[in-house]
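This is model.txt. It holds compact mmCIF, C-alpha atoms.
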```
# COMPACT_ATOMS: atom_id res chain seq x y z
CA MET D 268 -6.55 17.87 -12.64
CA LYS D 269 -7.66 17.95 -9.01
CA ASP D 270 -7.84 14.98 -6.67
CA VAL D 271 -9.02 14.71 -3.08
CA LYS D 272 -8.44 11.51 -1.12
CA MET D 273 -9.35 10.54 2.41
CA GLU D 274 -8.53 7.22 4.08
CA ALA D 275 -9.28 5.99 7.56
CA ASP D 276 -8.98 2.68 9.39
CA VAL D 277 -9.60 1.43 12.90
CA THR D 278 -7.92 -1.68 14.33
CA ILE D 279 -9.08 -3.36 17.52
CA ARG D 280 -6.62 -5.93 18.88
CA GLN D 281 -7.11 -8.64 21.53
CA LEU D 282 -10.85 -8.42 21.01
CA TRP D 283 -12.71 -9.82 24.02
CA ARG D 284 -9.29 -10.30 25.64
CA LYS D 285 -8.08 -13.00 23.28
CA LYS D 286 -4.55 -12.73 21.90
CA ASN D 287 -4.24 -12.06 18.12
CA ARG D 288 -8.01 -11.75 17.67
CA THR D 289 -8.47 -8.56 15.65
CA ILE D 290 -11.04 -6.63 13.71
CA ILE D 291 -10.11 -3.97 11.15
CA MET D 292 -12.56 -1.44 9.70
CA SER D 293 -11.48 0.79 6.83
CA THR D 294 -12.90 3.39 4.49
CA ASP D 295 -11.58 5.09 1.35
CA ILE D 296 -13.10 8.19 -0.25
CA ARG D 297 -11.76 9.78 -3.45
CA TYR D 298 -13.00 12.62 -5.62
CA GLY D 299 -11.34 13.86 -8.78
CA THR D 300 -11.94 16.33 -11.58
CA SER D 301 -10.06 16.99 -14.80
CA ALA D 302 -10.52 19.26 -17.80
CA ALA D 303 -8.71 19.14 -21.13
CA LEU D 304 -8.77 21.12 -24.37
CA SER D 305 -7.23 19.55 -27.47
CA ASP D 306 -6.99 20.37 -31.18
CA ASP D 307 -6.86 17.80 -33.99
CA SER D 308 -6.02 18.53 -37.57
CA SER D 309 -6.02 15.76 -40.19
CA PHE D 310 -5.68 15.40 -43.94
CA LEU D 311 -6.49 12.20 -45.82
CA GLU D 312 -5.93 11.84 -49.55
CA ILE D 313 -7.41 8.92 -51.45
CA ILE D 314 -7.24 8.46 -55.19
CA GLY D 315 -9.67 10.94 -56.69
CA SER D 316 -10.50 12.81 -53.47
CA HIS D 317 -9.13 14.27 -50.29
CA VAL D 318 -10.62 15.07 -46.87
CA SER D 319 -9.32 17.57 -44.34
CA LYS D 320 -10.78 18.22 -40.91
CA LYS D 321 -9.98 20.45 -37.97
CA MET D 322 -11.60 19.67 -34.63
CA ARG D 323 -11.38 21.01 -31.10
CA TYR D 324 -12.40 18.85 -28.14
CA ASP D 325 -13.38 20.17 -24.72
CA THR D 326 -13.45 17.33 -22.17
CA ASP D 327 -14.71 17.53 -18.59
CA SER D 328 -14.37 14.45 -16.35
CA ARG D 329 -15.39 13.79 -12.75
CA SER D 330 -15.08 10.74 -10.52
CA LEU D 331 -16.24 9.69 -7.07
CA TRP D 332 -15.06 6.56 -5.22
CA LEU D 333 -16.55 5.25 -1.96
CA GLU D 334 -15.17 2.08 -0.38
CA GLY D 335 -15.70 0.47 3.00
CA GLY D 336 -14.70 -2.87 4.47
CA VAL D 337 -14.29 -4.95 7.58
CA ARG D 338 -11.90 -7.84 8.29
CA TYR D 339 -12.08 -10.23 11.25
CA THR D 340 -9.25 -12.58 12.29
CA GLU D 341 -9.75 -15.46 14.73
CA PRO D 342 -6.63 -17.28 16.02
CA LEU D 343 -6.79 -21.05 16.39
CA GLY D 344 -3.93 -21.91 18.71
CA GLU D 345 -0.40 -20.58 18.22
CA LYS D 346 0.03 -21.39 14.52
CA TRP D 347 -3.40 -21.26 12.86
CA ALA D 348 -5.68 -18.31 12.12
CA ILE D 349 -8.91 -17.87 10.14
CA SER D 350 -9.68 -14.55 8.51
CA THR D 351 -12.86 -13.35 6.81
CA ALA D 352 -13.58 -10.01 5.17
CA ALA D 353 -16.32 -8.10 3.37
CA ASP D 354 -15.66 -5.09 1.17
CA TYR D 355 -18.13 -2.86 -0.69
CA THR D 356 -17.22 -0.32 -3.38
CA TRP D 357 -19.41 2.18 -5.22
CA SER D 358 -18.05 4.63 -7.75
CA LYS D 359 -19.35 7.07 -10.32
CA ARG D 360 -17.37 8.29 -13.29
CA SER D 361 -18.67 10.87 -15.77
CA SER D 362 -17.15 12.32 -18.92
CA ILE D 363 -18.55 15.05 -21.20
CA ARG D 364 -16.70 15.58 -24.47
CA ASP D 365 -17.85 18.49 -26.64
CA ALA D 366 -16.51 18.64 -30.20
CA PHE D 367 -16.25 21.81 -32.27
CA ASP D 368 -15.40 22.46 -35.93
CA ASN D 369 -15.32 25.68 -37.97
CA THR D 370 -19.15 25.91 -37.88
CA GLY D 371 -19.48 25.52 -34.12
CA LYS D 372 -20.41 22.53 -31.97
CA ASN D 373 -20.41 19.20 -33.86
CA ASP D 374 -22.98 16.81 -32.37
CA PHE D 375 -21.69 13.83 -34.35
CA TYR D 376 -18.41 13.81 -32.41
CA SER D 377 -19.73 15.07 -29.06
CA SER D 378 -20.55 12.54 -26.37
CA GLU D 379 -21.43 12.03 -22.74
CA SER D 380 -21.01 8.97 -20.56
CA ARG D 381 -21.68 8.07 -16.92
CA THR D 382 -20.58 4.82 -15.33
CA TYR D 383 -21.82 3.48 -11.99
CA TYR D 384 -19.51 0.72 -10.78
CA THR D 385 -20.46 -1.42 -7.77
CA VAL D 386 -18.34 -4.25 -6.35
CA GLN D 387 -19.09 -6.73 -3.56
CA LYS D 388 -16.07 -8.71 -2.39
CA TYR D 389 -16.02 -11.49 0.21
CA ASP D 390 -12.83 -13.22 1.42
CA LEU D 391 -12.18 -16.33 3.46
CA THR D 392 -8.59 -17.43 4.21
CA ALA D 393 -6.71 -19.70 6.58
CA GLN D 394 -3.10 -19.08 7.63
CA TYR D 395 -0.55 -21.45 9.12
CA ARG D 396 2.83 -20.32 10.49
CA PHE D 397 5.90 -22.53 10.76
CA GLY D 398 9.30 -21.55 12.07
CA GLN D 399 10.35 -17.94 12.53
CA SER D 400 9.83 -16.73 8.97
CA GLY D 401 7.57 -19.22 7.24
CA TRP D 402 3.82 -19.07 6.63
CA ILE D 403 1.15 -20.13 4.18
CA THR D 404 -2.20 -18.50 3.49
CA LEU D 405 -4.84 -20.32 1.48
CA GLY D 406 -8.36 -19.25 0.57
CA GLY D 407 -10.37 -17.40 -2.02
CA SER D 408 -12.44 -14.36 -2.90
CA VAL D 409 -15.92 -14.03 -4.35
CA TYR D 410 -16.58 -10.94 -6.48
CA GLY D 411 -19.91 -9.48 -7.54
CA VAL D 412 -19.60 -6.68 -10.10
CA ASN D 413 -22.27 -4.41 -11.55
CA ASN D 414 -21.16 -1.99 -14.27
CA GLU D 415 -24.01 0.31 -15.32
CA THR D 416 -23.24 2.70 -18.19
CA PHE D 417 -25.25 5.63 -19.51
CA SER D 418 -24.12 6.78 -22.96
CA LYS D 419 -25.28 9.74 -24.97
CA SER D 420 -24.24 11.00 -28.38
CA TYR D 421 -25.95 11.96 -31.63
CA ASN D 422 -29.17 9.92 -31.85
CA VAL D 423 -28.00 7.74 -28.92
CA ASP D 424 -29.42 7.72 -25.40
CA ASN D 425 -28.67 4.31 -23.97
CA VAL D 426 -28.29 2.52 -20.61
CA THR D 427 -26.49 -0.84 -20.37
CA GLY D 428 -25.67 -3.16 -17.47
CA LYS D 429 -28.51 -2.00 -15.21
CA GLY D 430 -29.22 -4.74 -12.65
CA GLU D 431 -26.72 -7.12 -14.32
CA TRP D 432 -24.27 -8.68 -11.84
CA GLN D 433 -21.17 -10.64 -12.83
CA TRP D 434 -19.98 -13.11 -10.20
CA SER D 435 -16.54 -14.69 -10.14
CA VAL D 436 -14.28 -16.64 -7.78
CA THR D 437 -10.52 -16.04 -7.54
CA PRO D 438 -7.99 -18.05 -5.47
CA ASN D 439 -5.80 -16.53 -2.79
CA LEU D 440 -2.49 -18.24 -2.01
CA ARG D 441 0.51 -16.76 -0.22
CA PHE D 442 3.49 -18.86 0.83
CA GLN D 443 6.92 -17.88 2.18
CA VAL D 444 9.80 -19.84 3.70
CA ASN D 445 13.35 -18.73 4.51
CA ASP D 446 15.90 -21.13 6.02
CA GLY D 447 18.97 -18.93 5.58
CA ILE D 448 20.00 -20.56 2.32
CA ASN D 449 16.72 -20.81 0.42
CA ARG D 450 14.02 -18.18 0.22
CA PHE D 451 10.83 -19.25 -1.51
CA GLN D 452 7.70 -17.16 -2.14
CA ILE D 453 4.40 -17.75 -3.93
CA TYR D 454 1.63 -15.20 -4.43
CA LEU D 455 -1.64 -15.96 -6.17
CA TYR D 456 -4.45 -13.41 -6.18
CA GLY D 457 -7.09 -11.85 -8.42
CA TYR D 458 -9.24 -8.79 -9.00
CA ASN D 459 -11.74 -7.23 -11.40
CA LYS D 460 -10.92 -4.51 -13.94
CA ARG D 461 -13.55 -2.26 -15.48
CA PRO D 462 -13.40 -0.64 -18.93
CA SER D 463 -11.89 2.83 -19.30
CA SER D 464 -14.00 5.86 -20.21
CA SER D 465 -12.67 6.02 -23.78
CA GLN D 466 -13.55 2.36 -24.39
CA ILE D 467 -17.29 2.93 -23.88
CA LEU D 468 -17.79 6.31 -25.60
CA PRO D 469 -20.44 5.95 -28.36
CA VAL D 470 -18.61 8.19 -30.81
CA LEU D 471 -15.95 7.97 -33.53
CA ASN D 472 -12.36 8.90 -32.75
CA ILE D 473 -11.07 10.47 -35.99
CA SER D 474 -7.82 12.00 -34.70
CA ASN D 475 -6.06 9.68 -37.19
CA PRO D 476 -8.28 9.41 -40.30
CA THR D 477 -6.57 6.18 -41.40
CA ARG D 478 -7.01 4.53 -37.96
CA ILE D 479 -10.54 5.21 -36.75
CA SER D 480 -11.80 3.81 -33.44
CA LEU D 481 -15.02 3.92 -31.46
CA GLY D 482 -16.23 2.74 -28.06
CA ASN D 483 -18.51 -0.13 -27.12
CA VAL D 484 -21.30 0.65 -24.63
CA TYR D 485 -21.79 -3.11 -24.06
CA LEU D 486 -18.22 -3.70 -22.87
CA LYS D 487 -18.04 -5.63 -19.58
CA PRO D 488 -15.41 -5.84 -16.81
CA SER D 489 -12.76 -8.58 -16.86
CA THR D 490 -11.49 -10.85 -14.08
CA GLN D 491 -7.72 -11.18 -13.70
CA SER D 492 -5.71 -13.73 -11.72
CA PHE D 493 -1.97 -13.30 -11.07
CA LEU D 494 0.73 -15.77 -10.03
CA TYR D 495 4.16 -14.64 -8.81
CA THR D 496 6.81 -17.13 -7.63
CA THR D 497 10.44 -16.60 -6.60
CA TRP D 498 13.15 -18.99 -5.42
CA MET D 499 16.48 -17.57 -4.28
CA ARG D 500 19.30 -19.81 -3.08
CA ASN D 501 22.54 -18.41 -1.69
CA ASN D 502 25.17 -21.05 -0.87
CA LYS D 503 27.67 -19.14 1.28
CA LYS D 504 30.13 -22.07 1.36
CA ARG D 505 30.39 -22.36 -2.43
CA PHE D 506 29.63 -18.69 -3.16
CA SER D 507 26.99 -19.80 -5.67
CA THR D 508 23.64 -18.10 -6.21
CA LEU D 509 20.45 -19.24 -7.90
CA MET D 510 17.48 -17.02 -8.74
CA VAL D 511 14.30 -18.35 -10.32
CA PHE D 512 11.24 -16.24 -11.16
CA LEU D 513 7.90 -17.44 -12.52
CA SER D 514 4.92 -15.16 -13.12
CA GLY D 515 1.61 -15.56 -14.89
CA ASN D 516 -1.53 -13.62 -15.72
CA TYR D 517 -4.84 -15.30 -16.55
CA VAL D 518 -7.73 -13.08 -17.70
CA SER D 519 -11.30 -14.25 -18.19
CA ASN D 520 -13.65 -12.09 -20.22
CA PRO D 521 -10.62 -10.10 -21.48
CA THR D 522 -10.92 -6.92 -23.52
CA SER D 523 -9.64 -7.25 -27.08
CA TYR D 524 -10.35 -5.40 -30.31
CA ALA D 525 -12.32 -6.19 -33.44
CA GLN D 526 -10.62 -4.73 -36.51
CA TRP D 527 -11.55 -4.32 -40.15
CA TYR D 528 -10.58 -2.37 -43.30
CA ASP D 529 -12.75 -0.57 -45.79
CA SER D 530 -12.05 -0.53 -49.54
CA ASP D 531 -9.83 2.57 -49.17
CA GLY D 532 -7.54 0.87 -46.66
CA VAL D 533 -8.83 2.74 -43.59
CA LEU D 534 -8.54 0.61 -40.44
CA TYR D 535 -11.41 0.58 -37.91
CA SER D 536 -11.37 -0.90 -34.41
CA ILE D 537 -13.81 -1.34 -31.53
CA PRO D 538 -13.24 -3.01 -28.13
CA GLU D 539 -15.11 -6.16 -27.15
CA ASN D 540 -14.87 -9.00 -24.64
CA ALA D 541 -13.22 -12.11 -26.03
CA LYS D 542 -15.15 -15.30 -25.36
CA LYS D 543 -11.94 -17.17 -24.54
CA PRO D 544 -9.43 -16.24 -21.78
CA SER D 545 -5.96 -14.80 -22.34
CA LEU D 546 -2.79 -16.15 -20.73
CA ASN D 547 0.71 -14.74 -20.21
CA VAL D 548 3.54 -16.71 -18.54
CA SER D 549 7.12 -15.57 -17.93
CA PHE D 550 10.05 -17.64 -16.58
CA THR D 551 13.58 -16.46 -15.70
CA LEU D 552 16.57 -18.37 -14.27
CA ASN D 553 20.01 -17.07 -13.29
CA TYR D 554 22.73 -19.33 -11.80
CA THR D 555 26.28 -18.29 -10.92
CA THR D 556 28.93 -20.56 -9.38
CA PRO D 557 32.75 -20.58 -9.04
CA LEU D 558 34.69 -23.17 -11.04
CA ASP D 559 37.85 -23.43 -8.95
CA ALA D 560 38.83 -23.43 -5.30
CA LYS D 561 40.36 -19.93 -5.51
CA LYS D 562 37.19 -18.65 -7.14
CA ASN D 563 39.05 -16.94 -9.95
CA TRP D 564 36.93 -18.69 -12.52
CA SER D 565 33.11 -18.50 -12.46
CA MET D 566 30.27 -19.57 -14.70
CA THR D 567 26.90 -17.88 -15.21
CA LEU D 568 23.87 -19.53 -16.78
CA ASN D 569 20.88 -17.49 -17.90
CA ALA D 570 17.61 -18.85 -19.24
CA SER D 571 14.16 -17.39 -19.82
CA ALA D 572 10.93 -18.09 -21.66
CA ASP D 573 7.80 -16.07 -22.37
CA TYR D 574 4.48 -17.49 -23.55
CA SER D 575 1.27 -15.67 -24.41
CA SER D 576 -2.10 -16.66 -25.82
CA SER D 577 -4.91 -14.27 -26.75
CA VAL D 578 -8.00 -13.94 -28.93
CA SER D 579 -9.14 -11.07 -31.12
CA TYR D 580 -11.69 -10.74 -33.92
CA GLN D 581 -10.91 -9.97 -37.56
CA ALA D 582 -13.22 -9.25 -40.46
CA ALA D 583 -13.32 -11.98 -43.09
CA SER D 584 -13.20 -9.34 -45.84
CA THR D 585 -13.24 -5.59 -46.35
CA LEU D 586 -16.38 -3.88 -45.05
CA ALA D 587 -18.21 -0.75 -46.08
CA ALA D 588 -16.67 2.58 -45.08
CA VAL D 589 -18.23 4.52 -42.22
CA ASP D 590 -19.72 7.88 -43.16
CA LYS D 591 -17.87 10.09 -40.69
CA ASP D 592 -20.11 13.12 -41.29
CA SER D 593 -23.45 11.38 -40.64
CA PHE D 594 -22.47 8.52 -38.35
CA ASP D 595 -25.37 6.99 -36.39
CA TYR D 596 -24.07 4.88 -33.52
CA SER D 597 -27.38 3.11 -32.85
CA VAL D 598 -27.80 2.03 -36.47
CA PHE D 599 -24.17 0.89 -36.66
CA MET D 600 -24.33 -1.17 -33.45
CA SER D 601 -27.65 -2.74 -34.43
CA ASP D 602 -26.00 -4.18 -37.55
CA PHE D 603 -22.53 -4.78 -36.10
CA TRP D 604 -23.31 -5.94 -32.54
CA GLY D 605 -26.96 -7.01 -32.47
CA ASN D 606 -28.62 -7.35 -29.07
CA ALA D 607 -27.02 -6.51 -25.71
CA GLU D 608 -25.20 -9.89 -25.70
CA GLY D 609 -23.69 -9.30 -29.17
CA ASP D 610 -25.56 -12.08 -30.97
CA ARG D 611 -24.69 -10.78 -34.46
CA PHE D 612 -21.04 -10.12 -33.70
CA TYR D 613 -20.24 -13.36 -31.83
CA GLY D 614 -22.44 -15.34 -34.19
CA GLY D 615 -20.40 -14.22 -37.20
CA LEU D 616 -23.37 -12.47 -38.82
CA SER D 617 -21.56 -9.14 -39.07
CA GLY D 618 -18.60 -10.72 -40.88
CA PHE D 619 -16.09 -11.31 -38.04
CA ARG D 620 -14.13 -14.42 -37.12
CA GLU D 621 -12.18 -15.39 -34.06
CA SER D 622 -8.42 -14.96 -34.43
CA LYS D 623 -6.03 -16.77 -32.05
CA THR D 624 -2.48 -15.58 -31.44
CA ARG D 625 0.19 -17.55 -29.57
CA THR D 626 3.80 -16.56 -28.99
CA PHE D 627 6.71 -18.43 -27.38
CA ASN D 628 10.14 -16.83 -26.93
CA PRO D 629 12.83 -18.98 -25.22
CA TYR D 630 16.32 -17.68 -24.42
CA ALA D 631 19.49 -19.34 -23.10
CA GLY D 632 22.95 -17.95 -22.41
CA LEU D 633 26.20 -19.23 -20.90
CA SER D 634 29.29 -17.24 -19.95
CA VAL D 635 32.59 -17.93 -18.19
CA LYS D 636 34.55 -15.22 -16.39
CA TYR D 637 38.12 -15.02 -15.11
CA ASN D 638 38.66 -12.36 -12.46
CA GLN D 639 41.88 -10.96 -10.94
CA LYS D 640 42.53 -7.78 -8.99
CA GLN D 641 44.31 -6.15 -11.93
CA TYR D 642 42.12 -7.43 -14.78
CA SER D 643 39.26 -9.71 -15.78
CA PHE D 644 37.80 -11.15 -18.96
CA SER D 645 34.75 -13.17 -19.92
CA VAL D 646 33.49 -15.14 -22.88
CA GLY D 647 30.01 -16.41 -23.57
CA ALA D 648 27.30 -17.28 -26.03
CA ASN D 649 23.52 -17.00 -26.12
CA THR D 650 20.63 -17.90 -28.34
CA GLN D 651 17.05 -16.67 -28.59
CA VAL D 652 14.07 -17.90 -30.60
CA PHE D 653 10.87 -16.03 -31.50
CA MET D 654 7.91 -18.22 -32.41
CA SER D 655 4.40 -17.03 -33.22
CA SER D 656 1.31 -18.74 -34.54
CA TYR D 657 -1.90 -17.21 -35.85
CA SER D 658 -5.16 -18.88 -36.73
CA LEU D 659 -8.44 -17.56 -38.12
CA GLU D 660 -11.60 -19.50 -37.34
CA ALA D 661 -13.36 -20.56 -40.52
CA LYS D 662 -16.74 -21.84 -39.31
CA HIS D 663 -18.63 -18.60 -40.09
```
What do you get writing this file as structure tokens?
Amino acid sequence: MKDVKMEADVTIRQLWRKKNRTIIMSTDIRYGTSAALSDDSSFLEIIGSHVSKKMRYDTDSRSLWLEGGVRYTEPLGEKWAISTAADYTWSKRSSIRDAFDNTGKNDFYSSESRTYYTVQKYDLTAQYRFGQSGWITLGGSVYGVNNETFSKSYNVDNVTGKGEWQWSVTPNLRFQVNDGINRFQIYLYGYNKRPSSSQILPVLNISNPTRISLGNVYLKPSTQSFLYTTWMRNNKKRFSTLMVFLSGNYVSNPTSYAQWYDSDGVLYSIPENAKKPSLNVSFTLNYTTPLDAKKNWSMTLNASADYSSSVSYQAASTLAAVDKDSFDYSVFMSDFWGNAEGDRFYGGLSGFRESKTRTFNPYAGLSVKYNQKQYSFSVGANTQVFMSSYSLEAKH
């Protein structure tokens, strides 16, 4: 693997002789190459028959990333400032994967993909400062994403996403205050994430013959928003401390997987974009305080909770096995996916239903400690609950 990276930025301060007025121009250029050679050997025995296969894969990947941006900050008095920014990114990622068996090159498992990824990002934020170490920034970002993919494999020569722009808006909130006893921080931001190379390859992955996967050339980028909050309180008079953490992750257009079994128990999977967002929330609390004036006795309280919600797609019944030796990606996707928007898949015509998964895991613990110079001991108790719910949509 070889990577070359070049970064540059120019900052101009006190523009037109005004204090704190700045303009920042930046650029980021990256180029990378990688090559890999791998061997797979598998043996699958099903009642009445067995299949063995030895494959060698020669993979060559290249990537180019070009990014440029400009940010302008205008102060409004001593405490306020307005900042606006524009950022443009263009990248190309290519991957050629040649497959070989004992007869030579195997076109069924060979593939080529090229992805052109373009992002326009525009920011507008306002910042207010209070005290020596407190500030709040509030605003948002507008993203425009174009993900154009060229895919080539046996009997497949396809271009998706050309001229299709996805626009999204993500909030931007940053808040911090520190008064010597309490320190409070909030960060809220978002970004776009594109599919990986393996997720869009139009070819079967048979490295595990009982768990077969393939890529989806119609897979789209997802938009992710993150929340991170901390509250730390240190009471130096009582020698007590409190730490609270809250984080969350909200993803629209998330990537999940459609899964199904054939009559022989072989599991197949393909990535797709769930129509409903996913959510993950995590909460943690830790509180320690002395129980007596000499501070020999202390108590510690711990509590946490994790919640997650996601959507995947499951087949309503077993489906026909895929012929691994004569697989035609175009024919398969025409029946499984339908048009570029996935009308057959999302409409339930290919036999899949929406599956919702929710989990909630609360925890609580309490301990008491006695501490002396020569010895110490502690006693405590805790409890934890794991709760999960699953539902399969039945309208199709």
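Residues in contact range of range 595-612 of chain D, defined as at most 7 Å between only C-alpha atoms, with sequence neighbours fewer than 3 positions away removed, read Tyr421, Asn422, Val423, Pro469, Val470, Tyr485, Gly615, Leu616, Ser617 and Phe619 of chain D.
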message = Need to verify the contact set: range 275-283 of chain D, 7 Å, all atoms listed in the file, exclusion of same-chain residues closer than 4 positions in sequence. Can you return it as a ChimeraX atom specification?
response = /D:287-295
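Close to (15.1, -20.6, -25.0), meaning no more than 6 Å away when counting all atoms listed in the file, sit the residues Ala572, Pro629, Tyr630, Ala631 and Gln651 of chain D.
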**Sel. within 9 Å of pt (-5.0, 18.8, -8.1), counting all atoms listed in the file, output as a ChimeraX atom specification** = /D:268-271,299-301
**Q.** Atom pair CA of Asn472 in chain D / CA of Ser530 in chain D: separation (Å)
**A.**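 CA of Ser530 in chain D lies 19.3 Å from CA of Asn472 in chain D.
The interatomic distance for the pair CA of Asn520 in chain D and CA of Tyr383 in chain D works out to 19.4 Å.
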Per residue of range 411-468 of chain D within 12 Å of range 511-519 of chain D, which atom pair is closest and at what distance in Å (one decimal), using only C-alpha atoms, listed by chain and increasing number, as JSON lines?
```
{"residue": "D:Gln433", "atom": "CA", "partner": "D:Ser519", "partner_atom": "CA", "distance": 11.8}
{"residue": "D:Trp434", "atom": "CA", "partner": "D:Ser519", "partner_atom": "CA", "distance": 11.9}
{"residue": "D:Ser435", "atom": "CA", "partner": "D:Ser519", "partner_atom": "CA", "distance": 9.6}
{"residue": "D:Val436", "atom": "CA", "partner": "D:Ser519", "partner_atom": "CA", "distance": 11.1}
{"residue": "D:Thr437", "atom": "CA", "partner": "D:Tyr517", "partner_atom": "CA", "distance": 10.7}
{"residue": "D:Pro438", "atom": "CA", "partner": "D:Tyr517", "partner_atom": "CA", "distance": 11.8}
{"residue": "D:Asn449", "atom": "CA", "partner": "D:Val511", "partner_atom": "CA", "distance": 11.3}
{"residue": "D:Arg450", "atom": "CA", "partner": "D:Val511", "partner_atom": "CA", "distance": 10.5}
{"residue": "D:Phe451", "atom": "CA", "partner": "D:Val511", "partner_atom": "CA", "distance": 9.5}
{"residue": "D:Gln452", "atom": "CA", "partner": "D:Phe512", "partner_atom": "CA", "distance": 9.7}
{"residue": "D:Ile453", "atom": "CA", "partner": "D:Leu513", "partner_atom": "CA", "distance": 9.3}
{"residue": "D:Tyr454", "atom": "CA", "partner": "D:Ser514", "partner_atom": "CA", "distance": 9.3}
{"residue": "D:Leu455", "atom": "CA", "partner": "D:Gly515", "partner_atom": "CA", "distance": 9.3}
{"residue": "D:Tyr456", "atom": "CA", "partner": "D:Asn516", "partner_atom": "CA", "distance": 10.0}
{"residue": "D:Gly457", "atom": "CA", "partner": "D:Tyr517", "partner_atom": "CA", "distance": 9.1}
{"residue": "D:Tyr458", "atom": "CA", "partner": "D:Val518", "partner_atom": "CA", "distance": 9.8}
{"residue": "D:Asn459", "atom": "CA", "partner": "D:Val518", "partner_atom": "CA", "distance": 9.5}
{"residue": "D:Lys460", "atom": "CA", "partner": "D:Val518", "partner_atom": "CA", "distance": 9.9}
```
